[in-house]
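Down below is the structure, laid out as structure tokens.
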Amino acid sequence: MNTTPRLQLKGMTKIYPSVIANDSIDMTIAPGEIHAVLGENGAGKSTLMKAIYGVVKPDKGQILWNGEVVSIQNPAHARKLGIGMVFQHFSLFETLTVTENIALAMDDYKSLETLASRIKNVSEEYGLPLDPGRLVHSLSVGLRQRVEILRCLLQQPKLLIMDEPTSVLTPQAVRKMFETLRRLADEGCSILYISHKLDEIMELCHSATIIRGGRVTGYAIPANETASSLARMMIGKELPVCSHEKPKNLGSEYLGVSNLSKSSADQFGTNLKNISFSVHGGEILGIAGISGNGQQELLYALSGERPVEDNGAITICGDPVGHLNPDDRRNRGLGFVPEERLGRGAVPGMSLSDNAILTAHRHGMVKKGLLKFTKASDFAKKCIADFAVKCGSKDDPITSLSGGNIQKYITGREIQQAPKLLIVSQPTWGVDIGAANIIRQSMIDLRNNGSAVLVVSEELDELFEICDRLIVIAEGHVSPSVPVEETSKEEIGLWMSGMFPGGPAEAAVNESEQGQEYHVH
Amino acid sequence: MDFDIFIHILVAAIAAGTPFVYAALGELVTEKSGVLNLGVEGMMLVGAISGFIAMTKTGSLLVAVLCGMSAGALMACIFAVLTLTLMANQVASGLALTIFGVGLSAFLGLKYTSIALPGVKELHIPVLSDIPVIGQLLFSHDILIYSSFVLFAAVSWFLYKTKAGLILRGIGEAPKSAHALGYNVIKIRYLAVLFGGAMAGLGGAYLSVAYTPMWVEGMVAGRGWVSLALVVFATWRPARVMAGAYLFGGITIAQFHVQGFGIEIPSQLLSMLPYIATIVVLVLISRDQNTIRLNSPASLGITYHPDNQ
């Protein structure tokens with residue numbers, strides 16, 4: 001057996017003006033090995049991978065490729081060596097076809113037609129069927145990732161780097177991708193698998209390098225470890241858990257949505273189709289779904305950023321609010337934390353204290369049209385203290401905070417106003433585990449105090465941890481609601497692909513069955 | 001109106017539309033790479049006076065054309081350094097370029113205002129030029145008009161049939177993705193901006209050397225702005241740019257004839273007609289949101305900062 005490592009890193013260091021992203025990292029990957037790089041957001045995983053792929057130049061350190069020292073100049077050079085990378089935020093071109101997208105990453109192909117047939121062959125060979133003529137913007141997120149993977153596979157890579165590949169996939173799609181990766185490894189391709197999801201790494205990877213704060217904190221064989229031992233290496237302490245007792249007693253209906261239909265403002269968006277659900281005081285309802293299935297449109301309709309035609313389709317505390325703007329809805333008890341923290345959730349250039357006024361002004365911060373700055377700064381100080389926001393002072397611009405701290409602050413700002421109904425989108429997206437835990441616990445506490453909470457998230461683990469009931473949104477339809485104890489991730493995963501009672505996939509199956517019957521006749 | 005006049009208007013329309021064809025196709029390539037250069041008017045003016053000076057000094061059409069193109073490219077180079085290397089705002093830099101070009105061309109042209117040039121002879125192509133009607137329409141022109149046909153074919157072929165064109169479109173759509181795949185976004189944008197400048201310069205030189213062979217201060221007279229508008233209203237597609245350019249040229253010529261017939265319409269109203277008609281027609285044929293999204297470069301006008309390396 002060949003004992004030369006496929007890739008060896010020695011003392012890799014990358015220093016940015018404000019932070020040391022990588023601090024002398026050593027790592028070795030053998031041919032055919034699936035190697036995990038485990039670490040929290042901001043631990044320096046992505047920077048390290050970009051250095052291997054030639055996107056970022058390391059300040060110090062050596063890369064040995066098949067035993068030889070190489071200096072990787074750019075991604076084209078990396079590809080020539082046989083390194084492929086699937087990016088976390090896809091590097092696709094939306095208005096080009098699948099074939100054109102792949103052509104852009106290929107150095108040698110005869111014509112787009114021959115390339116298209118090659119794509120078709122390889123995609124079917126690996127069980128990832130894909131129509132090469134389709135425009136990328138019309139593909140679901142899962143299919144887009146398939147394009148990224150195929151783009152790498154067509155170059156027959158010796159090393160495949162996958163950066164957080166499963167964050168956008170259903171559990172079933174994850175399983176399918178693991179099969180492909182295992183097969184690639186059997187064929188001798190090494191895989192660098194970057195993730196912060198412990199269960200995935202324990203299931204898939206042969207070995208792991210754990211990174212914290214830019215340094216290697218341990219090497220491990222995931223199969224011999226437990227989730228908590230890996231977590232200790234990753235975050236330096238035990239994995240925190242939220243305390244989550246059963247809901248005491250349900251209050252009245254604080255949010256009602258009935259037969260809500262709305263076409264999307266974005267032509268590539270999803271239209272909402274006849275959506276009905278309700279959230280009561282004292283419960284957390286979670287909406288699961290793969291992004292791009294109507295979550296954006298639903299949240300715009302609920303927040304009042306895009307009012308709906310039918311005034312009665314949305315009720316807050318029993319009042320019809322479909323025509324009202326966000327401010328009027330907030331006056332009726334709505335708190336809202338959008339997915340985009342900067343821009344929609346907070347004004348980037350303004351201080352923490354001024355950002356508090358934006359939504360909390362109705363709590364005595366304005367008198368006769370003049371601002372009461374002491375009230376605002378008291379509010380901001382309390383929010384900073386209660387939610388452990390790490391910042392210099394309440395007068396710092398909010399952009400000087402990290403993503404997790406901004407999220408803690410704007411979630412805290414809403415919760416501190418004691419809303420009857422809190423709607424939160426992607427509460428812990430890109431937030432480190434410690435901050436995520438504080439945010440989750442604060443939502444549970446709010447619900448324990450009798451408020452209704454609606455959480456939209458793509459992270460199933462999170463929804464199962466904090467929610468009392470779940471619904472799934474797929475292609476603009478919502479599923480019936482189901483109590484968390486009575487369902488499983490597998491079932492919700494199936495529902496996410498539209499296969500729920502009355503869901504879009506079921507309708508499609510019925511149609512095709514009817515079509516077949518028709519054929520037989 | 002008899003048939004001869006009609007043909008005559010069409011032939012003249014092609015000549016009148018040609019400066020737009022050059023400038024707009026050049027700007028189309030620039031914008032497809034994601035850079036918005038509002039300096040077309042200024043680049044055309046500097047191209048016009050440079051071509052004119054070269055023609056009076058050497059008498060060679062080739063030298064005049066090359067000078068016009070180089071002058072336009074040089075102007076574009078200023079813009080490229082500002083926006084691509086120094087990351088200045090594209091809109092402000094483009095406006096500044098136009099203002100600079102207006103002044104510079106007036107200064108350079110001080111001594112040339114009273115000179116008239118002989119113009120450029122039509123090129124007679126055996127057989128083709130003798131076909132009735134079609135021969136007159138398509139093959140009774142000077143060489144600069146023929147070369148604008150070639151430019152149209154070349155730009156269409158380049159954008160939609162070649163790898164380089166695919167890369168250019170990719171960069172305009174998602175510069176970050178293109179960078180991640182290993183393409184040098186800044187370098188390719190430089191080339192696209194320079195090409196746009198050269199074509200604007202050529203369009204200007206065509207005006208001062210062939211279309212109205214003399215130099216008048218500010219003689220481009222808003223054609224640069226119309227070219228910019230044509231690119232947008234044609235939803236960044238070469239064939240529609242051509243259609244828009246000839247439509248504009250045609251109505252400009254037709255309204256002269258209408259004025260010549262002495263019809264009682266204020267001439268100011270007639271002068272507005274080409275602008276209104278072109279915009280209405282192009283907006284109507286391009287009103288499908290889907291085609292706009294598919295053809296407009298998503299990163300247009302946004303400064304691209306390469307990753308910290």
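If you're wondering about the labels, chains in the structure tokens are A, B, ... by order shown, residues count from 1 in each chain, ligands from 1 in order shown.
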Report the residues of stretch 204-333 of chain A whose backbone DSSP state falls under helix (DSSP H, G or I), written as number ranges by chain. A: 204, 222-224, 227-235, 295-303, 311-313, 326-331
With a distance threshold of 7 Å and counting only C-alpha atoms, extract the residues of chain B near chain A and express them as a compact mmCIF listing (two decimals) with C-alpha atoms, in the first residue's frame.
# COMPACT_ATOMS: atom_id res chain seq x y z
CA ILE B 167 -16.05 33.75 -18.66
CA GLY B 170 -19.79 34.70 -15.59
CA GLU B 173 -23.02 37.60 -13.04
CA ALA B 174 -21.00 36.55 -9.98
CA SER B 177 -17.71 32.80 -7.86
CA ALA B 180 -13.19 31.24 -6.52
CA LEU B 181 -12.81 29.31 -9.78
CA GLY B 182 -9.51 31.05 -10.41
CA LEU B 294 -31.43 36.43 -17.41
CA GLN B 309 -4.83 37.52 0.02
Do you have the atom CA of B:Pro175-atom CA of B:Pro297 distance handy? 10.3 Å
Could you name the residues that touch B:Ala13 at 10 Å or less, counting only C-alpha atoms, but leaving out those on the same chain fewer than 2 positions away, as number ranges by chain? B: 7-11, 15-18, 137, 245-254
Just C-alpha atoms for this one: save the residues we selected as a short mmCIF file (atom, residue, chain, number, x, y, z; two decimals), in the first residue's frame.
data_model
loop_
_atom_site.label_atom_id
_atom_site.label_comp_id
_atom_site.auth_asym_id
_atom_site.auth_seq_id
_atom_site.Cartn_x
_atom_site.Cartn_y
_atom_site.Cartn_z
CA ILE B 7 -35.15 53.31 -49.58
CA HIS B 8 -33.15 56.48 -49.27
CA ILE B 9 -34.36 56.94 -45.67
CA LEU B 10 -33.44 53.35 -44.83
CA VAL B 11 -29.96 53.69 -46.30
CA ALA B 15 -25.43 55.42 -41.51
CA ALA B 16 -27.13 57.46 -38.79
CA GLY B 17 -27.36 54.40 -36.55
CA THR B 18 -23.74 53.33 -36.96
CA LEU B 137 -29.70 48.90 -48.57
CA ALA B 245 -29.63 51.79 -33.10
CA TYR B 246 -31.16 51.60 -36.58
CA LEU B 247 -34.62 52.46 -35.29
CA PHE B 248 -33.20 55.56 -33.67
CA GLY B 249 -31.24 56.40 -36.83
CA GLY B 250 -34.28 55.78 -39.03
CA ILE B 251 -36.62 58.01 -37.10
CA THR B 252 -33.99 60.73 -36.92
CA ILE B 253 -33.70 60.71 -40.71
CA ALA B 254 -37.43 60.35 -41.28
#
So that I can check the surroundings of stretch 415-417 of chain A, please list as a VMD selection string every protein, DNA and RNA residue that reaches within 8 Å of it, counting only C-alpha atoms and ignoring chain neighbours fewer than 6 positions away. chain A and resid 335 360 363 383 442 to 443 446
Got a sec: who's within 7 Å of stretch 208-218 of chain B, counting only C-alpha atoms, leaving out chain neighbours fewer than 2 positions off, as a list in words? Leu45, Ala48, Ile49, Gly51, Phe52, Val102, Ala106, Tyr112, Thr113, Ile115, Ala116, Leu117, Pro118, Gly119, Val120, Gly204, Ala205, Tyr206, Val220 and Ala221 of chain B
Any chance you could export the current selection's C-alpha atoms as a PDB file, in the first residue's frame?
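After the write, result_7.pdb holds the following:
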ATOM      1  CA  LEU B  45     -15.957  63.082 -28.135  1.00  0.00           C
ATOM      2  CA  ALA B  48     -14.032  62.068 -32.592  1.00  0.00           C
ATOM      3  CA  ILE B  49     -11.486  64.867 -32.262  1.00  0.00           C
ATOM      4  CA  GLY B  51      -9.723  60.747 -35.378  1.00  0.00           C
ATOM      5  CA  PHE B  52     -10.393  64.099 -36.995  1.00  0.00           C
ATOM      6  CA  VAL B 102     -16.286  67.290 -23.190  1.00  0.00           C
ATOM      7  CA  ALA B 106     -13.159  71.165 -27.028  1.00  0.00           C
ATOM      8  CA  TYR B 112      -9.795  72.495 -36.204  1.00  0.00           C
ATOM      9  CA  THR B 113     -13.271  73.991 -36.221  1.00  0.00           C
ATOM     10  CA  ILE B 115     -11.697  72.533 -41.572  1.00  0.00           C
ATOM     11  CA  ALA B 116     -13.845  70.253 -43.718  1.00  0.00           C
ATOM     12  CA  LEU B 117     -12.743  66.751 -44.707  1.00  0.00           C
ATOM     13  CA  PRO B 118     -13.554  64.996 -47.962  1.00  0.00           C
ATOM     14  CA  GLY B 119     -15.388  62.189 -46.139  1.00  0.00           C
ATOM     15  CA  VAL B 120     -15.189  58.497 -46.884  1.00  0.00           C
ATOM     16  CA  GLY B 204     -16.881  59.092 -32.344  1.00  0.00           C
ATOM     17  CA  ALA B 205     -14.290  58.950 -35.132  1.00  0.00           C
ATOM     18  CA  TYR B 206     -16.940  57.652 -37.526  1.00  0.00           C
ATOM     19  CA  VAL B 220     -21.504  63.857 -30.414  1.00  0.00           C
ATOM     20  CA  ALA B 221     -24.624  65.647 -29.141  1.00  0.00           C
TER      21      ALA B 221
END
Which residues in stretch 26-274 of chain B does DSSP call strand (DSSP E or B)? List them as JSON, numbers by chain. {"B": [116, 122, 142, 214]}
Serialized selection, N, CA and C atoms, as an mmCIF file, in the first residue's frame:
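Output file result-v3.cif follows:
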data_model
loop_
_atom_site.group_PDB
_atom_site.id
_atom_site.type_symbol
_atom_site.label_atom_id
_atom_site.label_comp_id
_atom_site.auth_asym_id
_atom_site.auth_seq_id
_atom_site.Cartn_x
_atom_site.Cartn_y
_atom_site.Cartn_z
ATOM 1 N N ALA B 116 -12.928 71.304 -43.258
ATOM 2 C CA ALA B 116 -13.845 70.253 -43.718
ATOM 3 C C ALA B 116 -13.030 69.143 -44.357
ATOM 4 N N GLU B 122 -18.071 55.555 -50.580
ATOM 5 C CA GLU B 122 -18.749 54.267 -50.475
ATOM 6 C C GLU B 122 -17.933 53.205 -51.178
ATOM 7 N N ASP B 142 -19.962 52.940 -46.759
ATOM 8 C CA ASP B 142 -18.509 53.032 -46.643
ATOM 9 C C ASP B 142 -17.997 51.906 -45.746
ATOM 10 N N MET B 214 -16.435 66.841 -40.380
ATOM 11 C CA MET B 214 -15.881 68.105 -39.877
ATOM 12 C C MET B 214 -15.894 68.038 -38.358
#
Under the rule that only C-alpha atoms are counted, which of B:Phe79, B:Leu282, B:Ser50, B:Ile5 is the nearest residue to B:Val63?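 Under the stated criterion, the closest residue is B:Ser50.
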Identify, on the basis of only C-alpha atoms, every residue whose closest approach to B:Cys67 does not exceed 8 Å; exclude the query and any residue fewer than 2 positions from it along the same chain; express the result as a count of residues only. 10
Can you list, as a list of chain:residue names, every protein, DNA or RNA residue that comes within 7 Å of A:Gly133 when you count only C-alpha atoms, leaving out same-chain residues fewer than 4 positions away? A:Thr97, A:Val98, A:Thr99
Shortest interatomic distance to A:Val455 - which of A:Val279, A:Cys317, A:Ala380, A:Val478, counting only C-alpha atoms: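 Checking each of A:Val279, A:Cys317, A:Ala380, A:Val478 against A:Val455, counting only C-alpha atoms, the winner is A:Val279.
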List every residue of stretch 154-235 of chain B that has an atom at most 12 Å from any atom of stretch 299-305 of chain B, giving for each one its closest atom pair and the distance in Å to one decimal, counting only C-alpha atoms, sorted by chain and then by ascending residue number, as JSON lines.
{"residue": "B:Leu168", "atom": "CA", "partner": "B:Ser299", "partner_atom": "CA", "distance": 11.9}
{"residue": "B:Arg169", "atom": "CA", "partner": "B:Ser299", "partner_atom": "CA", "distance": 10.4}
{"residue": "B:Gly170", "atom": "CA", "partner": "B:Ser299", "partner_atom": "CA", "distance": 10.0}
{"residue": "B:Ile171", "atom": "CA", "partner": "B:Ser299", "partner_atom": "CA", "distance": 8.2}
{"residue": "B:Gly172", "atom": "CA", "partner": "B:Ser299", "partner_atom": "CA", "distance": 5.5}
{"residue": "B:Glu173", "atom": "CA", "partner": "B:Ser299", "partner_atom": "CA", "distance": 5.7}
{"residue": "B:Ala174", "atom": "CA", "partner": "B:Ser299", "partner_atom": "CA", "distance": 6.4}
{"residue": "B:Pro175", "atom": "CA", "partner": "B:Tyr304", "partner_atom": "CA", "distance": 7.2}
{"residue": "B:Lys176", "atom": "CA", "partner": "B:Tyr304", "partner_atom": "CA", "distance": 8.1}
{"residue": "B:Ser177", "atom": "CA", "partner": "B:Ser299", "partner_atom": "CA", "distance": 11.5}
{"residue": "B:Ala178", "atom": "CA", "partner": "B:Tyr304", "partner_atom": "CA", "distance": 11.5}
{"residue": "B:His179", "atom": "CA", "partner": "B:Tyr304", "partner_atom": "CA", "distance": 10.4}
{"residue": "B:Asn184", "atom": "CA", "partner": "B:Tyr304", "partner_atom": "CA", "distance": 11.5}
{"residue": "B:Val185", "atom": "CA", "partner": "B:Tyr304", "partner_atom": "CA", "distance": 8.4}
{"residue": "B:Ile186", "atom": "CA", "partner": "B:Tyr304", "partner_atom": "CA", "distance": 8.1}
{"residue": "B:Lys187", "atom": "CA", "partner": "B:Tyr304", "partner_atom": "CA", "distance": 11.9}
{"residue": "B:Arg189", "atom": "CA", "partner": "B:Tyr304", "partner_atom": "CA", "distance": 10.2}
{"residue": "B:Val232", "atom": "CA", "partner": "B:Leu300", "partner_atom": "CA", "distance": 11.2}
Take the residues just selected and output them with C-alpha atoms as an mmCIF file, in the first residue's frame.
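Result file follows (again_27.cif):
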data_model
loop_
_atom_site.group_PDB
_atom_site.id
_atom_site.type_symbol
_atom_site.label_atom_id
_atom_site.label_comp_id
_atom_site.auth_asym_id
_atom_site.auth_seq_id
_atom_site.Cartn_x
_atom_site.Cartn_y
_atom_site.Cartn_z
ATOM 1 C CA LEU B 168 -16.934 37.404 -19.276
ATOM 2 C CA ARG B 169 -20.624 36.741 -18.664
ATOM 3 C CA GLY B 170 -19.788 34.698 -15.590
ATOM 4 C CA ILE B 171 -17.749 37.537 -14.133
ATOM 5 C CA GLY B 172 -20.590 39.980 -14.695
ATOM 6 C CA GLU B 173 -23.015 37.604 -13.044
ATOM 7 C CA ALA B 174 -21.000 36.551 -9.978
ATOM 8 C CA PRO B 175 -17.476 37.956 -9.666
ATOM 9 C CA LYS B 176 -16.901 36.191 -6.338
ATOM 10 C CA SER B 177 -17.714 32.805 -7.861
ATOM 11 C CA ALA B 178 -15.485 33.544 -10.819
ATOM 12 C CA HIS B 179 -12.664 34.457 -8.459
ATOM 13 C CA ASN B 184 -8.709 37.157 -12.595
ATOM 14 C CA VAL B 185 -11.793 39.355 -12.298
ATOM 15 C CA ILE B 186 -9.957 42.680 -12.307
ATOM 16 C CA LYS B 187 -7.821 41.843 -15.341
ATOM 17 C CA ARG B 189 -12.789 43.740 -16.427
ATOM 18 C CA VAL B 232 -30.257 48.874 -20.993
#
